[in-house]
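Undergrad: Below you will find the structure I want to go over with you.
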Protein chains: 2
Amino acid sequence: MNTVPPLRFVIVGGVAAGASAAARARRLSELASITLLERGPDVSFANCGLPYFIGGEIKQREALAVQTPQTLKAMLNLDVRTSTEAVALDRAGKRIQVRTLASGTTEWLPYDKLLLAPGAVPLRPALLGIDDARIFTLRSLQDMDRIKAAAARAERVTVIGAGFIGLEMAEQLVRLGKKVTLVELLDQVLPPLDRLMTLFIEDELRRHGIDLILGDGIAAFDGAGGLTCRLQSGRTIAADLVVLSIGVRPDTGLAREAGLALGPRGHIRVNKFMQTSDPDVYAAGDAIESTDRVTGDPVSVPLGGPANRQGRLAADHIFAPQTAKSFPGLLGTAIVRAFGVSAGLTGWSEKRLRAAGRRFRTVTVNDNHHAGYFPGAKPLILKLLWDPDTGRVLGAQAAGLDGVDKRLDVIATAIAGGLIIDDLADLELAYAPPFGAAKDIVNLAGFAACNTRDGLATPVDALPDDPAVQVLDVRPPALVQAHPLPRKGVLNIPLSALRARLNELDRTRPVVTVCALGKIAYFAARILAQNGFRVSCLTGGIRAHWDPRSPAKLPTP
Amino acid sequence: MNTVPPLRFVIVGGVAAGASAAARARRLSELASITLLERGPDVSFANCGLPYFIGGEIKQREALAVQTPQTLKAMLNLDVRTSTEAVALDRAGKRIQVRTLASGTTEWLPYDKLLLAPGAVPLRPALLGIDDARIFTLRSLQDMDRIKAAAARAERVTVIGAGFIGLEMAEQLVRLGKKVTLVELLDQVLPPLDRLMTLFIEDELRRHGIDLILGDGIAAFDGAGGLTCRLQSGRTIAADLVVLSIGVRPDTGLAREAGLALGPRGHIRVNKFMQTSDPDVYAAGDAIESTDRVTGDPVSVPLGGPANRQGRLAADHIFAPQTAKSFPGLLGTAIVRAFGVSAGLTGWSEKRLRAAGRRFRTVTVNDNHHAGYFPGAKPLILKLLWDPDTGRVLGAQAAGLDGVDKRLDVIATAIAGGLIIDDLADLELAYAPPFGAAKDIVNLAGFAACNTRDGLATPVDALPDDPAVQVLDVRPPALVQAHPLPRKGVLNIPLSALRARLNELDRTRPVVTVCALGKIAYFAARILAQNGFRVSCLTGGIRAHWDPRSPAKLPTP
């Protein structure tokens, strides 16, 4: 390390990455002068909690204000300057110009090391009518207050963008009794997930009365009289309030003007220690371009967890470089709850793998979140993706009523450890009837993946259009009758009768087996394959394709 | 493979390992003749559910009978023989003698491959009075029925042995309104855990009215008139019903008589493919000696998850040896719920590491199970153990009101992946306010471990007896007053005032800092260390040592 303490450390941005860096820096150096600059009036607030205060699930606004300038001074001896904007960066002179918003006065602050943690700004496209005062985005506590006040007067709310924040907002607005329309340009909610894995949460949104409009985007707003959203399809929606949640862009004007290297979409480029193209200037959080943990490709993941760790790592590299560990890259693990259902992902999705032209294989498994014989077992669905050459786990998605977070965390940890599908089969997870199963759904996914790899199963992810293929529904007849497969020409032979009725199938034509969850169809496929049939089975069963809550067996009368 | 299908596969024991092996075998071979022998009247029942049916939390007995001989015949074409005992094994002749319990008739069954999955028997020590009809152990559905019937007539119940099953039984008997005494020879409940990590669940048991007697064992029973349990201390307990849950022994008489290699406590020795010393005889489940995943040492882990996978692997090795993967060994991941609290472990405990003379380091961290600002956050405590030479995670224990299973699963996965403490700090776990935190407790444990490794923190696991050491309580004065530290001579300087009041401490004497959860004490220690003090901090704080529910801050009035 060339610099000798006391060191002047200046941080631009006082929320997740900036506040973490400041706190870590102080633990490493009592002598450093640490200045935390924040354009907004608040530092270190819980921005992930904003939707929940709007909806009233979080009742106390103070709960969101994790720290104040006063507490940060008392606990960490930080010089916190809120409502203070960084307006220019003189890298040659190692100084940054700041403007106090209230007075407009500016001054230059010298630094030895600088951290840029400016975050990201919600997108607000230049559409006709976009400046209407009834159209909001959510970033700060002040945005939150404004939306909460507007919602109190509104009846009809349109949320545009069905990503993580859009879903949280839609849920919380329903909680307030609003009539909510949710508009998404793609043909699914939660764009980072594969479409079939969003059916469960889509079903839950509709069950709670949300008018979900998929495959249509906002075209313009008309604010004459009542506010009207005009969609690309021509459809119009009357709204008293609009929340835009269509994504964010990095807030990196200062970095750009200072000549720091940026990525193609404006993110600040950093190395594995969060150093920008200027080694005395670090960057962290939503504004940076990081690397993908699996492939090393550049990615940006605007989430709180990574921001915190990047800020911490920047402080480590400045104040304790001898022990600082390089950043391992990101998986983009994320989750959302909407009413009773949650859904999320970690690592690569099928759509990303396809777009990147990478080889992969995938299975989808259904199970309960804990042992089915213990009361309260709830359905859970898990999709696993892996590399067929190495067996390494590439990603997973999960959805269900409980236990989604646990399975994502296990697989995120598995990816971090470079585990292969066989390892998932062998994972020794905590089991007592209230918590799991002797074979957890993660183990089942490992089994199913290994079976696929070893040629025991040939999963297909859709029923074939080819009429030459025999579609065989192996559910019990009562279940078939109660919940028929949405397709004509399906044979029904329940698994228990299959060995005796093989002659009803044409051995010269391929067979696809189907059941409620995918498991019995696999059992049937094993029987058929060993009897000389060319057979595949629909992965994830009916639950994964048409009806996320389809029963596996009829309730006992 | 030398044998050619159809193969005669005989399985002794039809519960977890045996039933899993049979099912997997059928999927691999339609042509094999598969015979499943079971001494009891039931196969493939949910033995982990037995306590919950006794207590009425599981209401339907049928829920526990996962399969019947009829369903196994219909679905898997198995020849299931219940109430049939294997009485002799002729390995040279590759045949096994079975006796039908009802008729007493015997016959010899030939096999090409044999799997022994006889399970384990509850210990029933040869104490005076042990044969009293009011003393029960729990293994089968019939044991369950007998205990349930006896409990209906009982008022006072004594459970002997406070392991996993003992705790489940005690909880369920309280649920039935019984007056429950729980006796444990060790000075803690849950013997596999380290004592401090059991305080939370111990507190919960007492809160629910259980008379918990620790450090005392059963000496004898006196059945004259009412049943009296006499303890080693001389104390007596009157009981209408006694449940013995002091452990199990492998049910391996047949294997012993057949000359198969056994471990020192009678477990069947197997290789990584579940083959015994006779390669045509496999063994799996509670009866075998397996290997520790971390060290490779021999261990026996009588749990359902491992039994299922071992049975499956035996079938793989017999019917698909080209793709069978060797067994990776066991972590012994286990969890129990008692009322609102759960506790469990994965991998090595401190007591096992000490007994084995292995080098380790440990930290204990407290946090909430999800973001503290989101309603419903509940306390959670996590102890992490790692190898100081390599940084590899060796084990963990967790206790709390929610989210215990998730953290154990993450760390079990981390151990399976050979992760080091730095990797835990970097894990990217699913975070939205209802599910986790931007820094999950697993990340915090990783941070704390790295800080210890890097010399930033010196955790101690007890307050020193040496009066020369200054004990510094850094909690706010109101909290100190409401929940004082159970010790004299403690200095109180809240963290916010510490920098200004350093002169109240003696720089020539060591300091131990203490707070509610361990985090603020670490912050204080960093200030002191950088000001020249020799300082350590009490790991896990007051919550981990005296009061598992101690508040971190006083509720706002």
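Please note that chains go A, B, ... in the order of the structure tokens, that every chain numbers its residues from 1, and that ligands are numbered from 1 in the order shown.
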Select from chain A every residue with an atom at most 6 Å from any atom of chain B, then for each give the shortest pair of atoms and their distance in Å to one decimal, using only C-alpha atoms, rows by chain and rising number, as a Markdown table.

TA:
```
| residue | atom | partner | partner_atom | distance |
| --- | --- | --- | --- | --- |
| A:Arg27 | CA | B:Arg526 | CA | 5.8 |
| A:Ala63 | CA | B:Tyr373 | CA | 5.2 |
| A:Ala74 | CA | B:Ser496 | CA | 4.9 |
| A:Met75 | CA | B:Ser496 | CA | 4.9 |
| A:Gly304 | CA | B:Ala438 | CA | 5.5 |
| A:Gly305 | CA | B:Ala438 | CA | 4.2 |
| A:Thr333 | CA | B:Ala430 | CA | 5.4 |
| A:Ala334 | CA | B:Ala430 | CA | 5.1 |
| A:Ile335 | CA | B:Ala430 | CA | 5.7 |
| A:Tyr373 | CA | B:Ala63 | CA | 5.2 |
| A:Asp405 | CA | B:Ala430 | CA | 5.9 |
| A:Lys406 | CA | B:Lys406 | CA | 5.1 |
| A:Asp409 | CA | B:Leu429 | CA | 5.0 |
| A:Val410 | CA | B:Val410 | CA | 5.0 |
| A:Gly417 | CA | B:Gly417 | CA | 4.6 |
| A:Leu429 | CA | B:Asp409 | CA | 5.1 |
| A:Ala430 | CA | B:Ala334 | CA | 5.1 |
| A:Ala438 | CA | B:Gly305 | CA | 4.2 |
| A:Ser496 | CA | B:Ala74 | CA | 4.9 |
| A:Arg526 | CA | B:Arg27 | CA | 5.8 |
```

Undergrad: Restricting it to C-alpha atoms, dump the selection as a CSV table (one decimal), in the first residue's frame.

TA:
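Contents of part-v2.csv, as written:
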```csv
chain,number,residue,atom,x,y,z
A,27,ARG,CA,-13.5,-0.8,11.5
A,63,ALA,CA,-38.1,1.2,10.5
A,74,ALA,CA,-21.9,8.6,16.9
A,75,MET,CA,-21.2,5.0,16.0
A,304,GLY,CA,-28.8,-5.0,-2.3
A,305,GLY,CA,-26.8,-8.0,-1.3
A,333,THR,CA,-30.1,-14.7,-7.0
A,334,ALA,CA,-33.4,-13.0,-6.6
A,335,ILE,CA,-36.8,-13.7,-5.1
A,373,TYR,CA,-47.7,-36.8,5.3
A,405,ASP,CA,-36.1,-19.2,-0.7
A,406,LYS,CA,-34.4,-22.2,0.9
A,409,ASP,CA,-30.2,-20.6,-1.4
A,410,VAL,CA,-29.1,-24.3,-1.5
A,417,GLY,CA,-19.1,-24.6,-4.9
A,429,LEU,CA,-30.3,-31.5,4.0
A,430,ALA,CA,-32.0,-31.0,7.3
A,438,ALA,CA,-36.0,-37.6,3.4
A,496,SER,CA,-50.8,-49.6,-12.1
A,526,ARG,CA,-39.1,-46.7,-17.5
```

Undergrad: Based on DSSP run over this structure's backbone, return all residues of stretch 169-324 of chain A in strand (DSSP E), as an MDAnalysis selection string.

TA: chainID A and resid 179:184 211:214 218:222 227:231 236:239 241:244 248:250 268:269 281:283 288:291 298:299

Undergrad: Excluding B:Arg207 and its own-chain neighbours fewer than 2 positions away, which residues fall within 12 Å of it when counting only C-alpha atoms? Please give them as an MDAnalysis selection string.

TA: chainID B and resid 171 174 200:205 209:212 338:341

Undergrad: Could you state the separation of atom CA of A:Ile165 and atom CA of A:Asn366 in Å, given to one decimal place?

TA: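 Pair atom CA of A:Ile165 / atom CA of A:Asn366 returns 26.7 Å.
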
Undergrad: So how many Å separate atom CA of A:Ala154 and atom CA of A:Gly223, to one decimal?

TA: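 We find that atom CA of A:Ala154 and atom CA of A:Gly223 lie 14.8 Å from each other.
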
Undergrad: So that I can check the surroundings of A:Leu254, please list as a list in words every protein, DNA and RNA residue that reaches within 7 Å of it, counting only C-alpha atoms and ignoring chain neighbours fewer than 6 positions away.

TA: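 Result of the neighbour search: Val87, Ala88 and Leu89 of chain A.
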
Undergrad: Please provide the set of residues having any atom within 6 Å of stretch 277-284 of chain A, restricted to only C-alpha atoms, with same-chain residues fewer than 5 positions apart removed, written as a PyMOL selection string.

TA: chain A and resi 17+113-117+260-261+310-311

Undergrad: Could the residues in this selection be saved with N, CA and C atoms as a PDB file, in the first residue's frame?

TA:
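The result, stored in again_13.pdb:
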```pdb
ATOM      1  N   ALA A  17     -24.182   0.202  -0.944  1.00  0.00           N
ATOM      2  CA  ALA A  17     -22.745   0.022  -1.159  1.00  0.00           C
ATOM      3  C   ALA A  17     -21.936   1.075  -0.413  1.00  0.00           C
ATOM      4  N   LYS A 113      -8.564   8.216  -1.619  1.00  0.00           N
ATOM      5  CA  LYS A 113      -9.314   7.161  -2.310  1.00  0.00           C
ATOM      6  C   LYS A 113     -10.775   7.605  -2.393  1.00  0.00           C
ATOM      7  N   LEU A 114     -11.370   7.300  -3.529  1.00  0.00           N
ATOM      8  CA  LEU A 114     -12.757   7.697  -3.770  1.00  0.00           C
ATOM      9  C   LEU A 114     -13.567   6.447  -4.106  1.00  0.00           C
ATOM     10  N   LEU A 115     -14.767   6.385  -3.582  1.00  0.00           N
ATOM     11  CA  LEU A 115     -15.684   5.303  -3.977  1.00  0.00           C
ATOM     12  C   LEU A 115     -16.926   5.925  -4.587  1.00  0.00           C
ATOM     13  N   LEU A 116     -17.256   5.495  -5.796  1.00  0.00           N
ATOM     14  CA  LEU A 116     -18.497   5.917  -6.442  1.00  0.00           C
ATOM     15  C   LEU A 116     -19.557   4.841  -6.228  1.00  0.00           C
ATOM     16  N   ALA A 117     -20.605   5.206  -5.508  1.00  0.00           N
ATOM     17  CA  ALA A 117     -21.718   4.284  -5.280  1.00  0.00           C
ATOM     18  C   ALA A 117     -23.022   5.034  -5.528  1.00  0.00           C
ATOM     19  N   LEU A 260     -13.971   7.881 -16.808  1.00  0.00           N
ATOM     20  CA  LEU A 260     -13.785   6.508 -16.355  1.00  0.00           C
ATOM     21  C   LEU A 260     -14.362   5.547 -17.386  1.00  0.00           C
ATOM     22  N   ALA A 261     -13.784   4.354 -17.474  1.00  0.00           N
ATOM     23  CA  ALA A 261     -14.261   3.367 -18.443  1.00  0.00           C
ATOM     24  C   ALA A 261     -15.646   2.883 -18.056  1.00  0.00           C
ATOM     25  N   GLN A 310     -19.872  -5.516  -2.360  1.00  0.00           N
ATOM     26  CA  GLN A 310     -18.923  -4.767  -3.185  1.00  0.00           C
ATOM     27  C   GLN A 310     -18.387  -3.562  -2.419  1.00  0.00           C
ATOM     28  N   GLY A 311     -19.254  -2.867  -1.700  1.00  0.00           N
ATOM     29  CA  GLY A 311     -18.814  -1.724  -0.901  1.00  0.00           C
ATOM     30  C   GLY A 311     -17.822  -2.153   0.160  1.00  0.00           C
TER      31      GLY A 311
END
```

Undergrad: Show me, as a PyMOL selection string, the residues that have an atom within 10 Å of A:Pro250 when counting only C-alpha atoms, minus same-chain residues fewer than 6 positions from it.

TA: chain A and resi 118-123+265-268+285-289+300+302

Undergrad: Quick one, how far is atom CA of B:Arg475 from atom CA of B:Val514?

TA: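 The value is 7.9 Å.
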
Undergrad: Would you kindly return, as a ChimeraX atom specification, each protein, DNA or RNA residue with an atom no farther than 8 Å from any atom of stretch 157-159 of chain B, considering only C-alpha atoms and excluding same-chain residues fewer than 5 positions away?

TA: /B:151,166,169-170,173,178-183,237,239-245

Undergrad: Quick one: DSSP alpha helix (DSSP H) residues in stretch 301-376 of chain B, as a ChimeraX atom specification?

TA: /B:304-319,350-355
